[in-house]
>>> print(open('protein_7.txt').read())   # compact mmCIF, C-alpha atoms
# COMPACT_ATOMS: atom_id res chain seq x y z
CA MET V 1 -17.57 -84.29 94.97
CA THR V 2 -15.30 -87.28 95.41
CA ASP V 3 -12.26 -87.15 97.66
CA HIS V 4 -9.71 -88.19 95.09
CA LEU V 5 -8.44 -86.03 92.26
CA ASP V 6 -7.67 -89.05 90.08
CA ALA V 7 -9.12 -92.52 90.46
CA GLY V 8 -6.55 -94.91 91.87
CA THR V 9 -4.05 -92.29 93.06
CA SER V 10 -3.84 -91.02 96.60
CA ARG V 11 -2.82 -87.41 97.06
CA ASP V 12 -1.62 -85.21 99.90
CA LYS V 13 -4.51 -84.08 102.14
CA ASP V 14 -3.70 -80.38 101.63
CA LEU V 15 -3.86 -80.81 97.87
CA ILE V 16 -7.25 -82.46 98.19
CA ALA V 17 -8.46 -79.76 100.58
CA VAL V 18 -7.30 -76.93 98.29
CA HIS V 19 -8.81 -78.66 95.25
CA ASN V 20 -12.17 -79.05 96.95
CA SER V 21 -12.11 -75.56 98.43
CA MET V 22 -11.45 -74.01 95.00
CA LEU V 23 -14.18 -76.07 93.31
CA ASP V 24 -16.60 -75.21 96.07
CA GLY V 25 -15.75 -71.48 95.90
CA LEU V 26 -15.95 -71.30 92.09
CA GLY V 27 -19.20 -73.31 92.16
CA LYS V 28 -20.79 -70.86 94.59
CA LEU V 29 -19.67 -67.88 92.50
CA SER V 30 -20.99 -69.28 89.22
CA ASP V 31 -24.23 -70.27 90.91
CA TYR V 32 -24.55 -66.77 92.26
CA PHE V 33 -24.03 -65.23 88.82
CA GLY V 34 -26.79 -67.41 87.42
CA PHE V 35 -24.80 -70.12 85.65
CA GLY V 36 -25.43 -72.86 88.24
CA LYS V 37 -22.75 -74.34 90.50
CA VAL V 38 -21.66 -77.14 88.13
CA VAL V 39 -20.20 -74.61 85.64
CA GLY V 40 -17.84 -73.22 88.29
CA GLN V 41 -16.95 -76.63 89.69
CA LEU V 42 -16.18 -77.95 86.20
CA TYR V 43 -13.96 -74.98 85.42
CA GLY V 44 -12.15 -75.51 88.73
CA ALA V 45 -11.61 -79.22 88.06
CA ILE V 46 -10.19 -78.51 84.60
CA LEU V 47 -8.10 -75.54 85.85
CA LEU V 48 -6.54 -77.65 88.62
CA SER V 49 -5.71 -80.65 86.46
CA ASP V 50 -2.25 -81.29 85.03
CA HIS V 51 -3.79 -83.03 82.02
CA PRO V 52 -6.87 -82.44 79.82
CA LEU V 53 -10.06 -84.00 81.22
CA SER V 54 -12.65 -86.06 79.35
CA LEU V 55 -16.37 -85.90 80.07
CA ASP V 56 -16.01 -89.25 81.87
CA ASP V 57 -13.30 -87.76 84.13
CA MET V 58 -15.65 -84.89 84.99
CA VAL V 59 -18.55 -87.25 85.70
CA GLU V 60 -16.34 -89.17 88.12
CA ARG V 61 -14.73 -86.18 89.83
CA LEU V 62 -17.87 -84.15 90.38
CA ASP V 63 -20.33 -87.00 90.77
CA ILE V 64 -22.61 -85.54 88.09
CA SER V 65 -24.42 -87.14 85.14
CA LYS V 66 -22.83 -87.20 81.70
CA ALA V 67 -25.70 -85.06 80.39
CA SER V 68 -24.95 -82.42 83.03
CA ALA V 69 -21.19 -82.51 82.27
CA SER V 70 -21.88 -82.16 78.55
CA MET V 71 -24.36 -79.29 78.95
CA ASN V 72 -22.24 -77.32 81.40
CA ILE V 73 -19.01 -77.78 79.45
CA ARG V 74 -20.77 -76.22 76.46
CA THR V 75 -21.48 -73.10 78.54
CA LEU V 76 -17.77 -72.87 79.42
CA GLU V 77 -16.78 -73.40 75.78
CA ASN V 78 -19.14 -70.64 74.61
CA MET V 79 -17.57 -68.23 77.11
CA GLY V 80 -14.09 -69.18 75.93
CA MET V 81 -13.19 -70.49 79.42
CA VAL V 82 -12.24 -74.00 78.21
CA ARG V 83 -11.23 -75.44 74.86
CA GLN V 84 -11.32 -78.90 73.33
CA VAL V 85 -7.95 -80.53 72.81
CA TRP V 86 -6.91 -83.64 70.98
CA VAL V 87 -5.17 -86.20 73.16
CA ARG V 88 -2.64 -88.45 71.44
CA GLY V 89 -3.44 -92.13 71.69
CA SER V 90 -7.01 -91.66 72.92
CA SER V 91 -10.01 -92.90 70.98
CA GLY V 92 -11.22 -90.24 68.55
CA ARG V 93 -14.66 -90.32 70.08
CA ARG V 94 -13.62 -89.03 73.49
CA LYS V 95 -13.43 -85.28 73.84
CA PHE V 96 -10.87 -83.72 76.18
CA TYR V 97 -10.89 -80.22 77.62
CA GLU V 98 -8.30 -77.87 79.08
CA ALA V 99 -8.73 -74.51 80.78
CA GLU V 100 -8.11 -71.14 79.16
CA THR V 101 -5.99 -69.34 81.77
CA ASP V 102 -5.34 -66.13 79.82
CA PHE V 103 -8.09 -64.14 81.51
CA TRP V 104 -7.46 -61.01 79.47
CA GLN V 105 -8.23 -63.18 76.46
CA ILE V 106 -11.42 -64.46 78.09
CA ILE V 107 -12.57 -60.95 79.06
CA THR V 108 -11.90 -59.55 75.61
CA ASN V 109 -13.47 -62.52 73.85
CA ILE V 110 -16.65 -61.84 75.76
CA LEU V 111 -16.49 -58.05 75.41
CA ASN V 112 -15.58 -58.02 71.75
CA ALA V 113 -18.04 -60.55 70.57
CA ARG V 114 -20.99 -59.47 72.53
CA GLU V 115 -21.29 -56.54 74.90
CA MET V 116 -19.60 -54.00 72.65
CA ARG V 117 -21.89 -54.73 69.72
CA ASP V 118 -24.95 -54.53 71.97
CA VAL V 119 -23.85 -51.31 73.62
CA ASP V 120 -23.14 -49.73 70.22
CA ARG V 121 -26.54 -50.79 68.91
CA ALA V 122 -28.32 -49.48 72.00
CA LEU V 123 -26.53 -46.12 71.72
CA SER V 124 -27.44 -45.74 68.08
CA ILE V 125 -31.12 -46.54 68.76
CA MET V 126 -31.14 -43.87 71.47
CA GLU V 127 -29.40 -41.36 69.20
CA ASP V 128 -31.98 -41.96 66.44
CA ASN V 129 -34.85 -41.58 68.85
CA LEU V 130 -33.50 -38.33 70.32
CA LYS V 131 -33.06 -36.95 66.81
CA ARG V 132 -36.59 -37.94 65.85
CA LEU V 133 -38.03 -36.28 68.94
CA ASN V 134 -36.05 -33.07 68.50
CA GLU V 135 -37.20 -32.79 64.88
CA SER V 136 -40.87 -33.39 65.55
CA MET V 137 -41.31 -31.71 68.96
CA THR V 138 -41.96 -28.23 67.57
CA SER V 139 -45.01 -29.37 65.62
CA MET V 140 -46.55 -31.30 68.53
CA SER V 141 -49.50 -30.29 70.70
CA GLU V 142 -48.60 -28.82 74.08
CA ASP V 143 -49.46 -32.10 75.86
CA ASP V 144 -47.41 -34.18 73.49
CA ARG V 145 -44.49 -31.76 73.64
CA GLN V 146 -44.37 -32.10 77.42
CA LEU V 147 -44.22 -35.87 77.12
CA ALA V 148 -41.62 -35.57 74.34
CA GLN V 149 -39.45 -33.47 76.68
CA LEU V 150 -39.73 -36.16 79.35
CA TYR V 151 -38.67 -38.74 76.75
CA VAL V 152 -35.67 -36.63 75.75
CA ASP V 153 -34.57 -36.26 79.39
CA ARG V 154 -35.01 -39.92 80.28
CA ILE V 155 -33.39 -41.22 77.11
CA ALA V 156 -30.42 -38.91 77.74
CA GLN V 157 -30.06 -40.39 81.24
CA ILE V 158 -30.05 -43.98 80.06
CA GLN V 159 -27.72 -42.98 77.22
CA ALA V 160 -25.20 -41.76 79.81
CA LEU V 161 -25.23 -45.24 81.34
CA PHE V 162 -24.44 -46.88 78.01
CA ARG V 163 -21.74 -44.31 77.20
CA PHE V 164 -20.14 -45.20 80.55
CA ALA V 165 -20.29 -48.91 79.65
CA GLN V 166 -18.74 -48.09 76.27
CA LEU V 167 -15.90 -46.11 77.91
CA MET V 168 -15.28 -48.96 80.33
CA ILE V 169 -15.15 -51.59 77.60
CA THR V 170 -12.95 -49.39 75.40
CA ALA V 171 -10.55 -48.78 78.31
CA ILE V 172 -10.28 -52.51 78.97
CA LEU V 173 -9.75 -53.43 75.33
CA ALA V 174 -7.15 -50.70 74.89
CA ARG V 175 -4.96 -52.27 77.60
CA VAL V 176 -5.20 -55.85 76.42
CA ALA V 177 -2.43 -55.76 73.86
CA GLU V 178 0.03 -53.98 76.15
CA THR V 179 -0.50 -55.17 79.68
CA ASP V 180 -0.40 -58.32 81.75
CA LEU V 181 -3.52 -58.62 83.91
CA GLN V 182 -1.28 -59.18 86.92
CA ASP V 183 0.52 -55.86 86.33
CA ILE V 184 -2.52 -53.65 86.58
CA SER V 185 -2.36 -51.58 89.75
CA HIS V 186 -4.86 -48.77 89.28
CA ILE V 187 -7.97 -47.70 87.39
CA ASP V 188 -8.90 -44.01 87.14
CA ILE V 189 -12.34 -42.80 86.20
CA GLY V 190 -12.36 -39.10 85.38
CA MET Y 191 -47.23 -54.16 72.43
CA THR Y 192 -50.24 -51.90 71.98
CA ASP Y 193 -50.06 -48.77 69.90
CA HIS Y 194 -51.28 -46.36 72.53
CA LEU Y 195 -49.29 -45.15 75.50
CA ASP Y 196 -52.39 -44.50 77.55
CA ALA Y 197 -55.82 -45.97 77.00
CA GLY Y 198 -58.17 -43.38 75.59
CA THR Y 199 -55.56 -40.82 74.60
CA SER Y 200 -54.16 -40.43 71.13
CA ARG Y 201 -50.54 -39.35 70.86
CA ASP Y 202 -48.25 -38.00 68.19
CA LYS Y 203 -46.97 -40.75 65.87
CA ASP Y 204 -43.32 -39.90 66.59
CA LEU Y 205 -43.89 -40.24 70.32
CA ILE Y 206 -45.47 -43.63 69.78
CA ALA Y 207 -42.65 -44.69 67.46
CA VAL Y 208 -39.94 -43.58 69.92
CA HIS Y 209 -41.77 -45.24 72.81
CA ASN Y 210 -42.03 -48.53 70.95
CA SER Y 211 -38.47 -48.37 69.64
CA MET Y 212 -37.08 -47.82 73.15
CA LEU Y 213 -39.17 -50.66 74.63
CA ASP Y 214 -38.15 -52.95 71.80
CA GLY Y 215 -34.44 -52.06 72.18
CA LEU Y 216 -34.43 -52.41 75.97
CA GLY Y 217 -36.38 -55.68 75.66
CA LYS Y 218 -33.79 -57.13 73.29
CA LEU Y 219 -30.92 -56.04 75.54
CA SER Y 220 -32.43 -57.53 78.69
CA ASP Y 221 -33.30 -60.72 76.82
CA TYR Y 222 -29.73 -60.91 75.62
CA PHE Y 223 -28.36 -60.52 79.14
CA GLY Y 224 -30.55 -63.38 80.31
CA PHE Y 225 -33.37 -61.52 82.04
CA GLY Y 226 -35.97 -62.08 79.31
CA LYS Y 227 -37.41 -59.32 77.12
CA VAL Y 228 -40.32 -58.37 79.40
CA VAL Y 229 -37.94 -57.01 82.06
CA GLY Y 230 -36.47 -54.49 79.58
CA GLN Y 231 -39.84 -53.61 78.09
CA LEU Y 232 -41.32 -53.02 81.54
CA TYR Y 233 -38.43 -50.79 82.56
CA GLY Y 234 -38.85 -48.84 79.30
CA ALA Y 235 -42.60 -48.40 79.84
CA ILE Y 236 -42.05 -47.12 83.39
CA LEU Y 237 -39.08 -44.94 82.36
CA LEU Y 238 -41.10 -43.28 79.58
CA SER Y 239 -44.19 -42.60 81.63
CA ASP Y 240 -44.96 -39.22 83.18
CA HIS Y 241 -46.82 -40.92 86.05
CA PRO Y 242 -46.27 -44.08 88.13
CA LEU Y 243 -47.69 -47.23 86.53
CA SER Y 244 -49.79 -49.94 88.18
CA LEU Y 245 -49.52 -53.63 87.30
CA ASP Y 246 -52.79 -53.23 85.37
CA ASP Y 247 -51.26 -50.40 83.31
CA MET Y 248 -48.31 -52.67 82.46
CA VAL Y 249 -50.59 -55.57 81.51
CA GLU Y 250 -52.44 -53.26 79.13
CA ARG Y 251 -49.40 -51.54 77.63
CA LEU Y 252 -47.30 -54.63 77.02
CA ASP Y 253 -50.09 -57.09 76.40
CA ILE Y 254 -48.71 -59.48 79.04
CA SER Y 255 -50.40 -61.45 81.83
CA LYS Y 256 -50.65 -60.01 85.33
CA ALA Y 257 -48.52 -62.90 86.62
CA SER Y 258 -45.78 -61.99 84.14
CA ALA Y 259 -45.96 -58.29 85.05
CA SER Y 260 -45.76 -59.14 88.74
CA MET Y 261 -42.83 -61.54 88.36
CA ASN Y 262 -40.80 -59.26 86.10
CA ILE Y 263 -41.40 -56.14 88.16
CA ARG Y 264 -39.95 -58.01 91.14
CA THR Y 265 -36.72 -58.57 89.16
CA LEU Y 266 -36.53 -54.82 88.47
CA GLU Y 267 -37.25 -54.01 92.12
CA ASN Y 268 -34.49 -56.37 93.30
CA MET Y 269 -32.01 -54.65 90.98
CA GLY Y 270 -33.07 -51.24 92.27
CA MET Y 271 -34.26 -50.20 88.78
CA VAL Y 272 -37.82 -49.39 89.87
CA ARG Y 273 -39.41 -48.54 93.19
CA GLN Y 274 -42.94 -48.76 94.57
CA VAL Y 275 -44.66 -45.46 95.16
CA TRP Y 276 -47.85 -44.53 96.88
CA VAL Y 277 -50.36 -42.74 94.66
CA ARG Y 278 -52.71 -40.33 96.38
CA GLY Y 279 -56.35 -41.21 95.94
CA SER Y 280 -55.77 -44.71 94.59
CA SER Y 281 -57.06 -47.79 96.35
CA GLY Y 282 -54.51 -49.07 98.85
CA ARG Y 283 -54.43 -52.47 97.15
CA ARG Y 284 -52.98 -51.24 93.86
CA LYS Y 285 -49.22 -50.95 93.69
CA PHE Y 286 -47.62 -48.27 91.53
CA TYR Y 287 -44.07 -48.15 90.26
CA GLU Y 288 -41.71 -45.47 89.01
CA ALA Y 289 -38.28 -45.77 87.44
CA GLU Y 290 -35.01 -45.16 89.24
CA THR Y 291 -33.12 -42.91 86.81
CA ASP Y 292 -30.01 -42.29 88.91
CA PHE Y 293 -27.89 -44.92 87.19
CA TRP Y 294 -24.87 -44.32 89.41
CA GLN Y 295 -27.16 -45.26 92.27
CA ILE Y 296 -28.30 -48.40 90.46
CA ILE Y 297 -24.74 -49.46 89.60
CA THR Y 298 -23.49 -48.91 93.11
CA ASN Y 299 -26.51 -50.59 94.70
CA ILE Y 300 -25.71 -53.69 92.69
CA LEU Y 301 -21.93 -53.49 93.21
CA ASN Y 302 -22.09 -52.73 96.91
CA ALA Y 303 -24.62 -55.28 97.88
CA ARG Y 304 -23.38 -58.14 95.86
CA GLU Y 305 -20.36 -58.30 93.59
CA MET Y 306 -17.95 -56.65 96.02
CA ARG Y 307 -18.76 -59.08 98.79
CA ASP Y 308 -18.42 -62.05 96.43
CA VAL Y 309 -15.15 -60.83 94.97
CA ASP Y 310 -13.74 -60.24 98.47
CA ARG Y 311 -14.78 -63.69 99.58
CA ALA Y 312 -13.32 -65.34 96.47
CA LEU Y 313 -10.01 -63.50 96.97
CA SER Y 314 -9.75 -64.56 100.59
CA ILE Y 315 -10.47 -68.22 99.72
CA MET Y 316 -7.67 -68.08 97.13
CA GLU Y 317 -5.30 -66.40 99.58
CA ASP Y 318 -5.97 -69.09 102.19
CA ASN Y 319 -5.42 -71.87 99.67
CA LEU Y 320 -2.16 -70.40 98.41
CA LYS Y 321 -0.92 -70.09 101.99
CA ARG Y 322 -1.89 -73.66 102.78
CA LEU Y 323 -0.07 -74.96 99.69
CA ASN Y 324 3.08 -72.94 100.36
CA GLU Y 325 3.24 -74.22 103.93
CA SER Y 326 2.73 -77.89 103.07
CA MET Y 327 4.56 -78.14 99.73
CA THR Y 328 7.99 -78.79 101.23
CA SER Y 329 6.83 -81.94 103.01
CA MET Y 330 5.05 -83.39 99.96
CA SER Y 331 6.20 -86.22 97.70
CA GLU Y 332 7.80 -85.13 94.42
CA ASP Y 333 4.64 -85.97 92.46
CA ASP Y 334 2.40 -84.06 94.84
CA ARG Y 335 4.78 -81.10 94.91
CA GLN Y 336 4.59 -80.81 91.14
CA LEU Y 337 0.81 -80.75 91.27
CA ALA Y 338 0.94 -78.27 94.17
CA GLN Y 339 3.10 -75.96 92.04
CA LEU Y 340 0.54 -76.17 89.22
CA TYR Y 341 -2.19 -75.27 91.75
CA VAL Y 342 -0.17 -72.28 92.97
CA ASP Y 343 0.34 -71.01 89.41
CA ARG Y 344 -3.27 -71.47 88.33
CA ILE Y 345 -4.74 -70.03 91.51
CA ALA Y 346 -2.46 -66.99 91.12
CA GLN Y 347 -3.80 -66.49 87.58
CA ILE Y 348 -7.42 -66.60 88.59
CA GLN Y 349 -6.59 -64.39 91.59
CA ALA Y 350 -5.32 -61.73 89.16
CA LEU Y 351 -8.73 -61.75 87.48
CA PHE Y 352 -10.52 -61.14 90.76
CA ARG Y 353 -8.05 -58.43 91.79
CA PHE Y 354 -8.82 -56.70 88.50
CA ALA Y 355 -12.55 -56.95 89.22
CA GLN Y 356 -11.91 -55.54 92.70
CA LEU Y 357 -9.92 -52.60 91.27
CA MET Y 358 -12.68 -51.92 88.76
CA ILE Y 359 -15.42 -51.95 91.38
CA THR Y 360 -13.35 -49.81 93.76
CA ALA Y 361 -12.66 -47.27 90.99
CA ILE Y 362 -16.36 -47.04 90.17
CA LEU Y 363 -17.44 -46.69 93.80
CA ALA Y 364 -14.77 -44.06 94.47
CA ARG Y 365 -16.26 -41.78 91.80
CA VAL Y 366 -19.88 -42.13 92.78
CA ALA Y 367 -19.98 -39.46 95.45
CA GLU Y 368 -18.13 -36.88 93.37
CA THR Y 369 -19.16 -37.28 89.76
CA ASP Y 370 -22.20 -37.15 87.56
CA LEU Y 371 -22.34 -40.17 85.26
CA GLN Y 372 -22.81 -37.79 82.33
CA ASP Y 373 -19.55 -35.96 83.18
CA ILE Y 374 -17.26 -38.97 82.87
CA SER Y 375 -15.05 -38.60 79.83
CA HIS Y 376 -12.22 -41.09 80.30
CA ILE Y 377 -11.20 -44.26 82.08
CA ASP Y 378 -7.51 -45.16 82.48
CA ILE Y 379 -6.28 -48.61 83.32
CA GLY Y 380 -2.62 -48.62 84.33
>>> encode(input="protein_7.txt", output="structure tokens")
Amino acid sequence: MTDHLDAGTSRDKDLIAVHNSMLDGLGKLSDYFGFGKVVGQLYGAILLSDHPLSLDDMVERLDISKASASMNIRTLENMGMVRQVWVRGSSGRRKFYEAETDFWQIITNILNAREMRDVDRALSIMEDNLKRLNESMTSMSEDDRQLAQLYVDRIAQIQALFRFAQLMITAILARVAETDLQDISHIDIG
Amino acid sequence: MTDHLDAGTSRDKDLIAVHNSMLDGLGKLSDYFGFGKVVGQLYGAILLSDHPLSLDDMVERLDISKASASMNIRTLENMGMVRQVWVRGSSGRRKFYEAETDFWQIITNILNAREMRDVDRALSIMEDNLKRLNESMTSMSEDDRQLAQLYVDRIAQIQALFRFAQLMITAILARVAETDLQDISHIDIG
């Protein structure tokens, strides 16, 4: 990481320290969650910029290759964490990015598009399989019926996990329209 | 995937169909979440077995290499989804695995060991940075102060996200001791 936020400008040392600390912290987190550290650092650099950044800006600020900037920015775009913006007066060939800071929006983008559909599909597969077992168990041999009972029990256990995930996602989505993320003070599971 | 659950035994066609449907569904889910399909299939095979499975059993059931079985079982072990068990009468060199089916335990293992510590650390980095900015802002140049204010606003937004994650994790952990996962009927976010 370079010491200057913008080439050719010199900034207060606390600003630089905070900037680098945030990029370092976000880089470690994203690395830990399996996205690699550049994803977190890039998001931090874009979040803490008062203007949209081009890929060249990112290359310079993070001391990474253009290929790495381009690949990692795509990950952030797919998660809805950054968006492309058009910058007046710039050449049409340069892409600029700014941060999505509405985290409710980010969470619900991810949940809506992806996890909810998967959880629903998983639950319906389990439901179908339980039904199939319950219908055919009575005509099975004793050995098979014992195994079928084990299947029923185990599938019911894993189904409870997915129902919990479904409740959690539903609870989050239900609050999105009404609440500011900063106003949430408690979560009750009952 | 082979058609038989155990070599040399022939099982009811519904049992085989349910077995394969569950392994296929879990494989797709784990692939989708970035773990690769073998992780989900392996967990399914171990979950739906009435006895602990050896690596050789897994190789045979899933038609995978021993290296793949060994690598993917380690992922499941690290997540607390399976555990090694000792099987009486078997050679000491063969490792056997059974499924962890207490999903509350799995969730809290993961949350306790990992996410909570990371979220706490991220929150304290943000707190420190906000404090540093607030202390030094007054002595900054006008330009720097404007950027410092943007930092304060953006860091506060991302802090709200991590506070929400902290609340969520705390709410889940608070219920673990008291509740059965299957008994949870509602989640309130307020």
>>> interface_residues(input="protein_7.txt", of="chain V", to="chain Y", cutoff="6 Å", atoms="all atoms listed in the file", output="MDAnalysis selection string")
chainID V and resid 18 48 129 151 160 171 182 184 186:190
>>> atom_distance(input="protein_7.txt", atom1="atom CA of Y:Arg251", atom2="atom CA of Y:Ile296")
24.9 Å
>>> axis_aligned_box(input="protein_7.txt", around="stretch 259-267 of chain Y", padding_each_side="3 Å", output="JSON")
{"center_x": -41.2, "center_y": -57.8, "center_z": 88.6, "size_x": 15.4, "size_y": 13.5, "size_z": 13.1}
>>> atom_distance(input="protein_7.txt", atom1="atom CA of Y:Phe286", atom2="atom CA of Y:Leu213")
19.0 Å
>>> atom_distance(input="protein_7.txt", atom1="atom CA of V:Asp120", atom2="atom CA of V:Phe162")
8.4 Å
>>> residues_around(input="protein_7.txt", residues="Y:Val275", least_positions_apart="4", cutoff="9 Å", atoms="only C-alpha atoms", output="JSON, numbers by chain")
{"Y": [242, 285, 286, 287, 288]}
>>> closest_residue(input="protein_7.txt", among="V:Ser54, V:Ser124, V:Ser65, V:Thr138", to="V:Gln84", atoms="all atoms listed in the file")
V:Ser54
>>> build_atoms(input="protein_7.txt", residues="stretch 42-65 of chain V", atoms="N, CA and C atoms", output="CSV table (one decimal), keeping the file's coordinate frame")
chain,number,residue,atom,x,y,z
V,42,LEU,N,-16.8,-77.4,87.4
V,42,LEU,CA,-16.2,-78.0,86.2
V,42,LEU,C,-14.9,-77.1,85.8
V,43,TYR,N,-15.1,-75.8,85.8
V,43,TYR,CA,-14.0,-75.0,85.4
V,43,TYR,C,-12.8,-75.2,86.4
V,44,GLY,N,-13.2,-75.3,87.7
V,44,GLY,CA,-12.2,-75.5,88.7
V,44,GLY,C,-11.4,-76.8,88.5
V,45,ALA,N,-12.2,-77.9,88.2
V,45,ALA,CA,-11.6,-79.2,88.1
V,45,ALA,C,-10.7,-79.2,86.9
V,46,ILE,N,-11.0,-78.5,85.8
V,46,ILE,CA,-10.2,-78.5,84.6
V,46,ILE,C,-9.0,-77.6,84.8
V,47,LEU,N,-9.2,-76.5,85.5
V,47,LEU,CA,-8.1,-75.5,85.8
V,47,LEU,C,-7.0,-76.2,86.7
V,48,LEU,N,-7.5,-77.0,87.7
V,48,LEU,CA,-6.5,-77.6,88.6
V,48,LEU,C,-6.2,-79.1,88.2
V,49,SER,N,-6.1,-79.3,86.9
V,49,SER,CA,-5.7,-80.6,86.5
V,49,SER,C,-4.4,-80.5,85.6
V,50,ASP,N,-3.5,-81.4,85.8
V,50,ASP,CA,-2.2,-81.3,85.0
V,50,ASP,C,-2.4,-82.0,83.7
V,51,HIS,N,-3.6,-82.4,83.4
V,51,HIS,CA,-3.8,-83.0,82.0
V,51,HIS,C,-5.2,-82.7,81.6
V,52,PRO,N,-5.5,-82.7,80.3
V,52,PRO,CA,-6.9,-82.4,79.8
V,52,PRO,C,-7.8,-83.5,80.4
V,53,LEU,N,-9.1,-83.1,80.7
V,53,LEU,CA,-10.1,-84.0,81.2
V,53,LEU,C,-11.1,-84.4,80.2
V,54,SER,N,-11.5,-85.6,80.2
V,54,SER,CA,-12.6,-86.1,79.4
V,54,SER,C,-14.0,-85.9,80.1
V,55,LEU,N,-15.1,-86.0,79.4
V,55,LEU,CA,-16.4,-85.9,80.1
V,55,LEU,C,-16.5,-87.0,81.1
V,56,ASP,N,-16.0,-88.2,80.9
V,56,ASP,CA,-16.0,-89.2,81.9
V,56,ASP,C,-15.2,-88.9,83.1
V,57,ASP,N,-14.1,-88.2,83.0
V,57,ASP,CA,-13.3,-87.8,84.1
V,57,ASP,C,-14.1,-86.8,85.0
V,58,MET,N,-14.9,-85.9,84.3
V,58,MET,CA,-15.6,-84.9,85.0
V,58,MET,C,-16.8,-85.5,85.7
V,59,VAL,N,-17.5,-86.5,85.1
V,59,VAL,CA,-18.6,-87.2,85.7
V,59,VAL,C,-18.1,-87.9,87.0
V,60,GLU,N,-16.9,-88.5,87.0
V,60,GLU,CA,-16.3,-89.2,88.1
V,60,GLU,C,-15.9,-88.2,89.2
V,61,ARG,N,-15.2,-87.1,88.8
V,61,ARG,CA,-14.7,-86.2,89.8
V,61,ARG,C,-15.8,-85.4,90.5
V,62,LEU,N,-16.8,-85.0,89.8
V,62,LEU,CA,-17.9,-84.2,90.4
V,62,LEU,C,-19.1,-84.9,90.8
V,63,ASP,N,-19.2,-86.2,90.4
V,63,ASP,CA,-20.3,-87.0,90.8
V,63,ASP,C,-21.6,-86.4,90.1
V,64,ILE,N,-21.5,-86.1,88.8
V,64,ILE,CA,-22.6,-85.5,88.1
V,64,ILE,C,-22.9,-86.5,86.9
V,65,SER,N,-24.1,-86.3,86.3
V,65,SER,CA,-24.4,-87.1,85.1
V,65,SER,C,-23.6,-86.7,83.9
